[in-house]
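**Student:** Pasting upload-v3.cif below, which is mmCIF, C-alpha atoms and all ligand atoms.
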```
data_run
loop_
_atom_site.label_atom_id
_atom_site.label_comp_id
_atom_site.auth_asym_id
_atom_site.auth_seq_id
_atom_site.Cartn_x
_atom_site.Cartn_y
_atom_site.Cartn_z
CA MET A 185 -1.40 -22.70 -18.71
CA LEU A 186 -4.58 -21.83 -16.80
CA ASN A 187 -6.85 -19.23 -18.37
CA ASN A 188 -9.10 -16.78 -16.56
CA ASN A 189 -12.12 -19.09 -16.59
CA ASP A 190 -10.07 -21.94 -15.13
CA ILE A 191 -8.81 -19.87 -12.19
CA LEU A 192 -12.32 -18.64 -11.50
CA ARG A 193 -13.59 -22.24 -11.42
CA GLU A 194 -10.66 -23.54 -9.46
CA PRO A 195 -8.79 -20.71 -7.73
CA PRO A 196 -5.15 -21.23 -6.80
CA TYR A 197 -6.05 -20.29 -3.20
CA ASP A 198 -7.85 -22.17 -0.48
CA PHE A 199 -10.60 -19.83 0.64
CA GLU A 200 -11.71 -22.35 3.29
CA ILE A 201 -15.32 -22.09 2.12
CA GLU A 202 -16.43 -24.89 4.46
CA LYS A 203 -15.02 -23.02 7.45
CA ILE A 204 -16.78 -19.78 6.43
CA VAL A 205 -20.04 -21.66 5.88
CA ASP A 206 -19.73 -23.42 9.23
CA VAL A 207 -19.26 -20.12 11.08
CA ILE A 208 -22.21 -18.54 9.23
CA LEU A 209 -24.56 -21.47 9.88
CA ARG A 210 -23.58 -21.94 13.51
CA GLY A 211 -23.99 -18.22 14.22
CA GLY A 212 -27.19 -17.95 12.17
CA TYR A 213 -25.65 -14.92 10.40
CA LYS A 214 -27.62 -13.30 7.60
CA LYS A 215 -25.53 -10.31 6.53
CA ILE A 216 -21.85 -10.77 5.78
CA LEU A 217 -19.18 -8.24 4.81
CA ILE A 218 -16.14 -9.72 3.05
CA GLN A 219 -12.88 -7.79 2.84
CA MET A 220 -9.87 -8.89 0.81
CA PRO A 221 -6.82 -7.43 -0.96
CA ASP A 222 -7.18 -6.12 -4.51
CA GLY A 223 -5.35 -9.15 -5.94
CA LEU A 224 -8.03 -11.50 -4.62
CA LYS A 225 -11.08 -9.46 -5.65
CA ILE A 226 -11.26 -11.35 -8.97
CA TYR A 227 -12.49 -14.35 -6.94
CA SER A 228 -15.45 -12.53 -5.36
CA LYS A 229 -18.04 -14.24 -7.59
CA TYR A 230 -16.55 -17.67 -6.88
CA ILE A 231 -16.59 -17.00 -3.14
CA ARG A 232 -20.15 -15.61 -3.21
CA ASP A 233 -21.44 -18.56 -5.26
CA GLU A 234 -19.76 -21.19 -3.09
CA ILE A 235 -21.12 -19.69 0.13
CA VAL A 236 -24.65 -19.12 -1.18
CA LYS A 237 -24.75 -22.65 -2.64
CA ARG A 238 -24.24 -24.06 0.85
CA VAL A 239 -25.95 -21.50 3.07
CA GLY A 240 -28.91 -20.39 0.98
CA ASN A 241 -30.46 -17.14 2.04
CA VAL A 242 -27.60 -14.86 3.07
CA GLU A 243 -26.63 -11.33 2.04
CA ILE A 244 -23.00 -11.01 1.00
CA VAL A 245 -21.33 -7.67 0.35
CA PHE A 246 -17.67 -7.17 -0.60
CA SER A 247 -15.64 -4.21 0.58
CA GLY A 248 -14.21 -2.31 -2.40
CA ASP A 249 -11.49 -0.65 -0.35
CA SER A 250 -7.91 -1.84 -0.63
CA ALA A 251 -7.02 -4.19 2.18
CA TRP A 252 -3.24 -3.83 2.37
CA GLY A 253 -3.18 -5.69 5.65
CA SER A 254 -5.34 -6.87 8.54
CA CYS A 255 -4.17 -3.67 10.26
CA LEU A 256 -6.93 -1.91 8.31
CA LEU A 257 -9.90 -4.13 9.09
CA ASP A 258 -13.18 -2.87 7.70
CA ASP A 259 -14.76 -3.21 11.13
CA VAL A 260 -16.10 0.35 11.34
CA GLU A 261 -18.13 -0.20 8.14
CA ALA A 262 -19.12 -3.69 9.35
CA THR A 263 -20.60 -2.17 12.51
CA ARG A 264 -22.12 0.87 10.80
CA GLY A 265 -23.73 -1.29 8.11
CA GLY A 266 -25.16 -3.78 10.63
CA TYR A 267 -23.21 -6.79 9.31
CA ASP A 268 -23.38 -9.92 11.49
CA LEU A 269 -19.93 -11.06 10.47
CA LEU A 270 -16.82 -9.56 8.88
CA VAL A 271 -14.76 -12.08 6.88
CA HIS A 272 -11.23 -10.83 6.25
CA ILE A 273 -9.53 -12.87 3.54
CA GLY A 274 -5.82 -12.79 2.72
CA HIS A 275 -4.18 -12.19 6.11
CA ILE A 276 -4.06 -13.49 9.63
CA GLU A 277 -5.04 -11.22 12.50
CA TYR A 278 -2.79 -8.18 12.98
CA PRO A 279 -0.95 -8.66 16.26
CA TYR A 280 -1.41 -5.02 17.32
CA TYR A 281 -5.15 -4.72 16.75
CA LYS A 282 -8.11 -6.51 18.25
CA SER A 283 -11.41 -5.54 16.69
CA SER A 284 -14.58 -5.54 18.72
CA HIS A 285 -16.54 -6.62 15.63
CA ARG A 286 -17.11 -10.36 15.05
CA THR A 287 -14.39 -11.21 12.52
CA LEU A 288 -13.25 -14.39 10.80
CA PHE A 289 -9.75 -14.42 9.27
CA ILE A 290 -9.16 -16.61 6.22
CA PRO A 291 -5.48 -16.54 5.18
CA ALA A 292 -6.15 -17.77 1.58
CA TYR A 293 -3.42 -20.39 1.48
CA SER A 294 -1.84 -20.73 -1.93
CA ARG A 295 -2.20 -24.07 -3.72
CA LEU A 296 0.98 -23.50 -5.75
CA SER A 297 3.80 -25.98 -5.40
CA ILE A 298 7.57 -25.74 -5.85
CA SER A 299 9.31 -27.50 -8.73
CA GLU A 300 12.62 -29.37 -8.49
CA ASP A 301 14.09 -26.85 -10.87
CA LEU A 302 13.22 -24.03 -8.47
CA ILE A 303 14.81 -25.90 -5.57
CA SER A 304 17.97 -26.30 -7.57
CA LYS A 305 17.98 -22.53 -8.30
CA LEU A 306 17.55 -21.92 -4.59
CA PHE A 307 20.64 -24.00 -3.82
CA ASP A 308 22.56 -22.13 -6.53
CA ALA A 309 21.67 -18.79 -4.93
CA LEU A 310 22.63 -19.95 -1.43
CA ASP A 311 25.87 -21.49 -2.72
CA LEU A 312 27.14 -18.00 -3.54
CA TYR A 313 27.53 -17.40 0.20
CA LYS A 314 29.73 -19.18 2.71
CA ILE A 315 26.98 -20.24 5.08
CA ASN A 316 26.22 -23.14 7.35
CA SER A 317 22.74 -22.32 8.54
CA VAL A 318 19.58 -20.96 6.94
CA GLY A 319 16.43 -19.49 8.45
CA VAL A 320 13.19 -19.94 6.53
CA VAL A 321 10.07 -17.79 6.82
CA SER A 322 7.05 -17.27 4.62
CA THR A 323 4.12 -15.02 3.99
CA ILE A 324 0.96 -16.63 5.32
CA GLN A 325 -0.18 -17.56 1.77
CA HIS A 326 2.71 -20.00 1.30
CA ILE A 327 3.13 -21.17 4.87
CA LYS A 328 2.13 -24.72 3.90
CA LEU A 329 5.29 -24.97 1.77
CA LEU A 330 7.53 -24.39 4.80
CA PRO A 331 7.91 -28.05 5.90
CA GLU A 332 8.93 -29.11 2.39
CA ILE A 333 11.48 -26.30 1.97
CA LEU A 334 12.94 -26.91 5.43
CA LYS A 335 13.32 -30.60 4.62
CA VAL A 336 15.04 -29.98 1.30
CA LEU A 337 17.41 -27.35 2.72
CA SER A 338 18.29 -29.60 5.65
CA THR A 339 20.14 -31.91 3.24
CA ARG A 340 22.87 -29.23 3.01
CA TYR A 341 22.38 -26.74 5.83
CA LYS A 342 21.40 -26.46 9.42
CA VAL A 343 17.88 -25.08 9.07
CA PHE A 344 15.66 -23.05 11.36
CA LYS A 345 12.01 -22.26 10.85
CA GLY A 346 10.92 -18.78 11.94
CA SER A 347 9.38 -18.92 15.39
CA GLY A 348 5.66 -19.66 15.81
CA LEU A 349 4.03 -20.24 12.45
CA GLY A 350 7.13 -18.92 10.68
CA ALA A 351 4.97 -16.24 9.05
CA VAL A 352 5.94 -12.62 8.43
CA MET A 353 3.96 -9.48 7.61
CA GLY A 354 5.19 -6.27 6.00
CA CYS A 355 5.90 -4.76 9.43
CA GLU A 356 6.06 -7.88 11.60
CA TYR A 357 9.25 -9.93 11.46
CA SER A 358 9.51 -11.14 15.04
CA SER A 359 9.42 -14.75 13.85
CA ALA A 360 12.55 -14.12 11.73
CA ILE A 361 14.30 -11.95 14.34
CA ALA A 362 13.81 -14.72 16.94
CA ILE A 363 16.13 -17.06 14.99
CA SER A 364 18.56 -14.38 13.80
CA ARG A 365 21.44 -15.40 16.04
CA TYR A 366 21.35 -19.00 14.76
CA VAL A 367 21.27 -18.36 11.03
CA ASP A 368 23.75 -17.08 8.43
CA ALA A 369 21.13 -16.34 5.73
CA TYR A 370 17.39 -16.29 5.19
CA VAL A 371 15.06 -17.79 2.63
CA ILE A 372 11.65 -16.16 2.37
CA ILE A 373 8.79 -17.77 0.46
CA SER A 374 6.76 -14.91 -1.01
CA GLY A 375 5.66 -13.13 -4.13
CA GLY A 376 6.85 -9.60 -4.97
CA VAL A 377 9.71 -7.98 -3.05
CA PHE A 378 7.71 -6.25 -0.33
CA HIS A 379 8.15 -8.86 2.41
CA GLY A 380 11.70 -9.81 1.45
CA LEU A 381 12.90 -6.20 1.68
CA GLY A 382 11.22 -5.74 5.04
CA LEU A 383 12.83 -8.94 6.25
CA GLY A 384 16.26 -7.70 5.14
CA LEU A 385 15.86 -4.41 7.02
CA SER A 386 14.78 -6.32 10.14
CA VAL A 387 17.72 -8.74 10.18
CA LEU A 388 20.46 -6.53 8.75
CA GLY A 389 23.68 -8.11 7.58
CA LYS A 390 22.25 -11.46 6.49
CA PRO A 391 21.70 -12.44 2.86
CA VAL A 392 18.01 -12.74 1.93
CA ILE A 393 16.94 -15.05 -0.88
CA LYS A 394 13.35 -14.95 -2.10
CA LEU A 395 11.64 -18.09 -3.33
CA ASP A 396 8.67 -16.93 -5.40
CA PRO A 397 6.05 -19.62 -6.09
CA TYR A 398 3.95 -17.23 -8.22
CA GLU A 399 6.66 -16.47 -10.76
CA SER A 400 8.60 -19.66 -10.11
CA ARG A 401 11.75 -17.61 -9.50
CA VAL A 402 14.54 -17.35 -6.98
CA VAL A 403 15.80 -13.81 -6.37
CA ASP A 404 18.71 -12.68 -4.22
CA LEU A 405 17.46 -9.47 -2.56
CA THR A 406 20.65 -8.75 -0.61
CA LYS A 407 21.94 -5.94 -2.85
CA GLU A 408 18.52 -4.30 -3.08
CA ILE A 409 18.26 -4.34 0.71
CA ASP A 410 21.69 -2.67 1.00
CA LYS A 411 20.56 0.00 -1.45
CA ILE A 412 17.40 0.72 0.55
CA LEU A 413 19.37 0.84 3.78
CA ARG A 414 21.72 3.44 2.27
CA ILE A 415 18.70 5.56 1.25
CA ARG A 416 17.28 5.29 4.76
CA ILE A 417 20.57 6.32 6.37
CA HIS A 418 20.70 9.30 4.02
CA LYS A 419 17.16 10.32 5.05
CA ILE A 420 18.10 10.08 8.71
CA HIS A 421 21.13 12.26 8.04
CA GLU A 422 18.97 14.82 6.17
CA ALA A 423 16.55 15.05 9.11
CA SER A 424 19.19 15.10 11.84
CA GLU A 425 18.89 18.87 12.46
CA ALA A 426 15.08 18.96 12.12
CA ARG A 427 13.32 21.13 14.67
CA ASN A 428 9.74 21.27 13.37
CA TRP A 429 8.04 17.96 12.67
CA VAL A 430 4.76 16.67 11.28
CA LEU A 431 3.67 13.39 12.85
CA ILE A 432 1.10 11.44 10.83
CA ASP A 433 -0.65 8.73 12.80
CA GLY A 434 -2.94 6.08 11.34
CA VAL A 435 -6.30 4.58 12.20
CA LYS A 436 -7.39 1.16 13.51
CA GLY A 437 -4.36 -1.17 13.64
CA GLN A 438 -2.21 1.60 12.21
CA ASN A 439 -2.94 3.91 15.13
CA ARG A 440 0.25 4.03 17.17
CA SER A 441 -0.49 6.75 19.68
CA TRP A 442 1.79 5.00 22.22
CA PHE A 443 4.79 5.60 19.95
CA ARG A 444 3.56 9.04 18.90
CA ARG A 445 3.40 10.27 22.50
CA TYR A 446 6.93 8.99 23.09
CA LEU A 447 8.23 10.86 20.01
CA GLU A 448 6.31 14.00 21.01
CA GLN A 449 8.09 13.98 24.39
CA LEU A 450 11.45 13.55 22.70
CA ILE A 451 10.79 16.44 20.29
CA LYS A 452 9.72 18.69 23.17
CA SER A 453 12.73 17.76 25.26
CA ARG A 454 14.96 18.89 22.39
CA GLY A 455 13.15 22.24 22.20
CA GLY A 456 11.39 21.33 18.95
CA ASP A 457 7.79 21.64 17.88
CA TYR A 458 5.33 19.38 16.05
CA ILE A 459 1.86 19.11 14.64
CA VAL A 460 -0.11 15.87 14.47
CA TYR A 461 -2.27 14.50 11.68
CA VAL A 462 -4.26 11.29 11.58
CA SER A 463 -5.18 9.68 8.28
CA GLU A 464 -6.06 6.33 6.74
CA ASN A 465 -4.63 7.35 3.35
CA ILE A 466 -1.17 8.83 3.54
CA THR A 467 -0.03 9.96 0.12
CA LYS A 468 2.40 12.40 -1.42
CA ASP A 469 -0.55 14.74 -2.07
CA LEU A 470 -1.38 14.84 1.63
CA LEU A 471 2.21 15.81 2.47
CA ILE A 472 2.22 18.46 -0.27
CA ASN A 473 -0.99 19.94 1.19
CA ILE A 474 0.47 20.02 4.70
CA ASP A 475 3.91 21.25 3.69
CA SER A 476 5.16 24.77 4.42
CA SER A 477 8.50 26.42 5.08
CA TRP A 478 7.88 25.69 8.78
CA VAL A 479 8.08 21.88 8.34
CA ASP A 480 11.53 20.29 8.50
CA ALA A 481 10.61 16.59 8.42
CA TYR A 482 7.76 14.07 8.59
CA ILE A 483 7.23 10.95 10.68
CA ILE A 484 4.72 8.36 9.47
CA LEU A 485 3.44 6.36 12.43
CA ALA A 486 0.72 4.52 10.50
CA CYS A 487 2.41 2.01 8.21
CA PRO A 488 6.21 1.90 8.42
CA ARG A 489 6.41 0.87 4.77
CA ILE A 490 5.00 4.19 3.52
CA PRO A 491 8.23 6.19 4.09
CA ILE A 492 10.33 3.38 2.62
CA ASP A 493 8.25 2.21 -0.36
CA ASP A 494 6.02 5.17 -1.28
CA LEU A 495 7.50 8.43 0.00
CA TYR A 496 11.24 7.77 -0.22
CA ASP A 497 11.58 10.39 -2.98
CA PHE A 498 9.60 13.16 -1.26
CA TYR A 499 11.51 16.44 -1.27
CA LYS A 500 11.71 16.56 2.55
CA PRO A 501 12.74 13.65 4.78
CA VAL A 502 9.89 11.25 5.62
CA LEU A 503 10.87 8.84 8.39
CA THR A 504 9.59 5.72 10.09
CA PRO A 505 9.06 5.97 13.86
CA ALA A 506 12.26 4.03 14.58
CA GLU A 507 14.30 6.29 12.27
CA ALA A 508 12.93 9.37 14.04
CA ARG A 509 13.81 7.79 17.39
CA MET A 510 17.42 7.38 16.22
CA ILE A 511 17.64 11.14 15.65
CA LEU A 512 15.68 12.25 18.70
CA THR A 513 17.58 10.01 21.14
CA GLY A 514 20.95 10.42 19.40
CA LYS A 515 21.31 6.61 19.37
CA LYS A 516 22.40 5.97 15.81
CA ASP A 517 24.67 2.99 16.33
CA ARG A 518 22.26 0.58 14.62
CA TYR A 519 19.30 0.75 12.29
CA TYR A 520 15.96 -0.60 13.48
CA PHE A 521 13.02 -1.70 11.38
CA PRO A 522 10.14 -1.39 11.83
CA TRP A 523 9.91 -0.03 15.37
S1 LIG B 601 3.15 -3.28 6.60
FE1 LIG B 601 1.64 -1.66 6.68
S2 LIG B 601 -0.14 -2.50 5.60
FE2 LIG B 601 1.21 -4.23 6.12
S3 LIG B 601 0.44 -5.00 8.09
FE3 LIG B 601 2.06 -3.51 8.53
S4 LIG B 601 1.01 -1.54 8.85
FE4 LIG B 601 -0.40 -2.95 7.79
#
```
Output the file's structure in the form of structure tokens.

**Tutor:**
Amino acid sequence: MLNNNDILREPPYDFEIEKIVDVILRGGYKKILIQMPDGLKIYSKYIRDEIVKRVGNVEIVFSGDSAWGSCLLDDVEATRGGYDLLVHIGHIEYPYYKSSHRTLFIPAYSRLSISEDLISKLFDALDLYKINSVGVVSTIQHIKLLPEILKVLSTRYKVFKGSGLGAVMGCEYSSAIAISRYVDAYVIISGGVFHGLGLGLSVLGKPVIKLDPYESRVVDLTKEIDKILRIRIHKIHEASEARNWVLIDGVKGQNRSWFRRYLEQLIKSRGGDYIVYVSENITKDLLINIDSSWVDAYIILACPRIPIDDLYDFYKPVLTPAEARMILTGKKDRYYFPW
């Protein structure tokens, strides 16, 4: 068992220090801002030491804000603070946001491996379904495990890797959707349930099995996904007669004014009314502050996981953009996530 000192000496992630150093030296950069998710912040001293050891005189500052995704790049602070380079660790670039600030993305690939015992549990979980083909995707951290898992699964099933890298984000499942028609079930390599649940909502009707290298567990998420879908359908039903809406847009990569304008038109065409907010932090408290007897329902344009994961128990319906579109267009024949 590794203790805290061990993981600080030898982190279970590849922070690609040589790549960071190379970019800094080649650019002659002197002031660096590093942004990473809360779960990686424990490694800040290791990262600082390793860079300074190789580069010498360089100023390194870490962003203390939560970095849920690369959608919320700290580029405004990087520019305001005069940083030569922003290093974003923990994600790949968000497909819907191109920053004008010089940014290096370091995915922080996990060094964890998969045991034979875990593989056997994975087969046990898949055996519960009558399936011939399996699609496999991963969060970017575990993407290097994909070839091995595909190979093992191919001894029993027809296997398909998600398109491109085979990587998914909390609101980006195009790589899984692209292979949907070929596969009977999905395996996702990830920690937590966040990505697995999002995957299930994106490819409805297919079993989703999570292979978790952190906890060395296999979890069938299929029932949990069904439960969340039922909650979402209930929310849509609750908001179906809504006339007055609050639309909350986000900032940076979470700014979706293109979708907001579309929903605004739909609300107007139905004789409804709306007010618009923009915020980086969308919490229950914000909704409570906005709320009045005038408001019938909320639409969160920023991060589509907020209505599903954080605000699902708010006392008025809080919808994703795609859920609101179902109501406003009257097209409720199938559920869409995330857009
Ligand atoms: S799920 Fe939310 S936090 Fe994650 S990348 Fe998408 S918008 Fe960003």

**Student:** Name all residues at most 7 Å from segment 219-235 of chain A (count all atoms listed in the file; drop same-chain ones fewer than 5 positions away) and give them as number ranges by chain.

**Tutor:** A: 192, 201, 205, 244, 246-247, 250-252, 258, 271-274

**Student:** At a cut-off of 12 Å around ligand LIG 601 (chain B), and using only C-alpha atoms and all ligand atoms, what residues come up? Please write them as a ChimeraX atom specification.

**Tutor:** /A:221,250-257,274-281,323-324,352-357,378-383,433-440,464-466,484-494,504,521-523

**Student:** Tell me, as a ChimeraX atom specification, which residues lie within 10 Å of Ile303 of chain A, counting all atoms listed in the file; anything in the same chain fewer than 5 positions away does not count.

**Tutor:** /A:298,308-309,333,336-337,395,400-402

**Student:** Identify, on the basis of only C-alpha atoms, every residue whose closest approach to Val343 of chain A does not exceed 6 Å; exclude the query and any residue fewer than 2 positions from it along the same chain; express the result as number ranges by chain.

**Tutor:** A: 317-319, 338, 341

**Student:** Distance atom CA of Glu408 of chain A-atom CA of Leu431 of chain A, one decimal place?

**Tutor:**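 It comes out at 28.1 Å.
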
**Student:** Write out, as CSV, each residue of segment 459-521 of chain A that has an atom at most 6 Å from segment 409-430 of chain A, together with the closest pair of atoms and their distance in Å to one decimal, counting all atoms listed in the file, rows going by chain and rising number.

**Tutor:**
```
residue,atom,partner,partner_atom,distance
A:Ile459,CA,A:Val430,CA,5.1
A:Val460,CA,A:Val430,CA,5.9
A:Val479,CA,A:Asn428,CA,5.3
A:Asp480,CA,A:Ala426,CA,5.2
A:Ala481,CA,A:Trp429,CA,5.2
A:Tyr482,CA,A:Val430,CA,4.8
A:Pro501,CA,A:Lys419,CA,5.5
A:Ile511,CA,A:Ser424,CA,5.7
```

**Student:** Rounded to one decimal place, report the atom CA of Tyr398 of chain A-atom CA of Leu495 of chain A distance in Å.

**Tutor:** 27.2 Å

**Student:** Check the smallest atom-to-atom distance from each of A:Leu512, A:Leu334, A:Ala362, A:Val403 to Val377 of chain A using all atoms listed in the file, then report the winner.

**Tutor:**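 For Val377 of chain A, the nearest of the given residues is A:Val403.
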
**Student:** So that I can see what lies close to Val367 of chain A, please list as an mmCIF file with C-alpha atoms, in the coordinates of the input the residues with an atom at most 12 Å from it, counting all atoms listed in the file and leaving out residues fewer than 6 positions away in the same chain.

**Tutor:**
```cif
data_model
loop_
_atom_site.group_PDB
_atom_site.id
_atom_site.type_symbol
_atom_site.label_atom_id
_atom_site.label_comp_id
_atom_site.auth_asym_id
_atom_site.auth_seq_id
_atom_site.Cartn_x
_atom_site.Cartn_y
_atom_site.Cartn_z
ATOM 1 C CA LYS A 314 29.730 -19.180 2.710
ATOM 2 C CA ILE A 315 26.980 -20.240 5.080
ATOM 3 C CA ASN A 316 26.220 -23.140 7.350
ATOM 4 C CA SER A 317 22.740 -22.320 8.540
ATOM 5 C CA VAL A 318 19.580 -20.960 6.940
ATOM 6 C CA GLY A 319 16.430 -19.490 8.450
ATOM 7 C CA VAL A 320 13.190 -19.940 6.530
ATOM 8 C CA VAL A 321 10.070 -17.790 6.820
ATOM 9 C CA TYR A 341 22.380 -26.740 5.830
ATOM 10 C CA LYS A 342 21.400 -26.460 9.420
ATOM 11 C CA VAL A 343 17.880 -25.080 9.070
ATOM 12 C CA PHE A 344 15.660 -23.050 11.360
ATOM 13 C CA LYS A 345 12.010 -22.260 10.850
ATOM 14 C CA GLY A 346 10.920 -18.780 11.940
ATOM 15 C CA ALA A 360 12.550 -14.120 11.730
ATOM 16 C CA ILE A 361 14.300 -11.950 14.340
ATOM 17 C CA VAL A 387 17.720 -8.740 10.180
ATOM 18 C CA GLY A 389 23.680 -8.110 7.580
ATOM 19 C CA LYS A 390 22.250 -11.460 6.490
ATOM 20 C CA PRO A 391 21.700 -12.440 2.860
ATOM 21 C CA VAL A 392 18.010 -12.740 1.930
#
```

**Student:** Restricting the calculation to only C-alpha atoms: of A:Leu447, A:Ile373, A:Ala351, A:Ile208, which residue gets closest to Arg286 of chain A?

**Tutor:**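 Looking only at the distances to Arg286 of chain A, the closest residue turns out to be A:Ile208.
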
**Student:** Quote the spacing between atom CA of Ile483 of chain A and atom CA of Ala508 of chain A in Å to one decimal place.

**Tutor:**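 One can read the atom CA of Ile483 of chain A to atom CA of Ala508 of chain A distance as 6.8 Å.
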
**Student:** What would segment 339-384 of chain A look like if you wrote it out as an mmCIF file, in the first residue's frame, with C-alpha atoms included, from the block I just posted?

**Tutor:**
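Dumped everything to selection02.cif:
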```cif
data_model
loop_
_atom_site.group_PDB
_atom_site.id
_atom_site.type_symbol
_atom_site.label_atom_id
_atom_site.label_comp_id
_atom_site.auth_asym_id
_atom_site.auth_seq_id
_atom_site.Cartn_x
_atom_site.Cartn_y
_atom_site.Cartn_z
ATOM 1 C CA THR A 339 -11.474 -13.079 -26.979
ATOM 2 C CA ARG A 340 -15.252 -13.271 -26.359
ATOM 3 C CA TYR A 341 -16.927 -10.352 -28.116
ATOM 4 C CA LYS A 342 -16.811 -8.270 -31.212
ATOM 5 C CA VAL A 343 -15.207 -5.113 -29.864
ATOM 6 C CA PHE A 344 -15.271 -1.501 -30.983
ATOM 7 C CA LYS A 345 -13.143 1.316 -29.658
ATOM 8 C CA GLY A 346 -14.887 4.690 -29.379
ATOM 9 C CA SER A 347 -14.062 6.826 -32.394
ATOM 10 C CA GLY A 348 -10.941 9.017 -32.402
ATOM 11 C CA LEU A 349 -9.001 8.589 -29.181
ATOM 12 C CA GLY A 350 -11.937 6.736 -27.623
ATOM 13 C CA ALA A 351 -12.059 9.387 -24.892
ATOM 14 C CA VAL A 352 -15.186 10.867 -23.317
ATOM 15 C CA MET A 353 -15.836 13.972 -21.216
ATOM 16 C CA GLY A 354 -18.759 14.678 -18.888
ATOM 17 C CA CYS A 355 -20.685 16.344 -21.721
ATOM 18 C CA GLU A 356 -18.891 14.957 -24.775
ATOM 19 C CA TYR A 357 -19.741 11.411 -25.822
ATOM 20 C CA SER A 358 -19.486 11.676 -29.600
ATOM 21 C CA SER A 359 -16.801 8.981 -29.629
ATOM 22 C CA ALA A 360 -19.242 6.540 -27.967
ATOM 23 C CA ILE A 361 -22.276 7.660 -29.997
ATOM 24 C CA ALA A 362 -20.304 7.082 -33.221
ATOM 25 C CA ILE A 363 -20.138 3.319 -32.537
ATOM 26 C CA SER A 364 -23.588 3.007 -30.966
ATOM 27 C CA ARG A 365 -25.190 1.152 -33.859
ATOM 28 C CA TYR A 366 -22.504 -1.564 -33.801
ATOM 29 C CA VAL A 367 -22.487 -2.369 -30.105
ATOM 30 C CA ASP A 368 -24.853 -4.117 -27.677
ATOM 31 C CA ALA A 369 -23.196 -2.779 -24.496
ATOM 32 C CA TYR A 370 -20.492 -0.390 -23.349
ATOM 33 C CA VAL A 371 -17.508 -0.659 -21.062
ATOM 34 C CA ILE A 372 -16.166 2.617 -19.730
ATOM 35 C CA ILE A 373 -12.798 2.856 -17.994
ATOM 36 C CA SER A 374 -13.150 5.592 -15.377
ATOM 37 C CA GLY A 375 -13.254 6.425 -11.715
ATOM 38 C CA GLY A 376 -16.447 7.620 -9.990
ATOM 39 C CA VAL A 377 -19.816 7.392 -11.738
ATOM 40 C CA PHE A 378 -19.879 10.803 -13.397
ATOM 41 C CA HIS A 379 -18.697 9.746 -16.863
ATOM 42 C CA GLY A 380 -20.485 6.397 -16.854
ATOM 43 C CA LEU A 381 -23.854 8.005 -16.106
ATOM 44 C CA GLY A 382 -23.340 10.596 -18.819
ATOM 45 C CA LEU A 383 -22.417 7.841 -21.243
ATOM 46 C CA GLY A 384 -25.600 5.933 -20.373
#
```
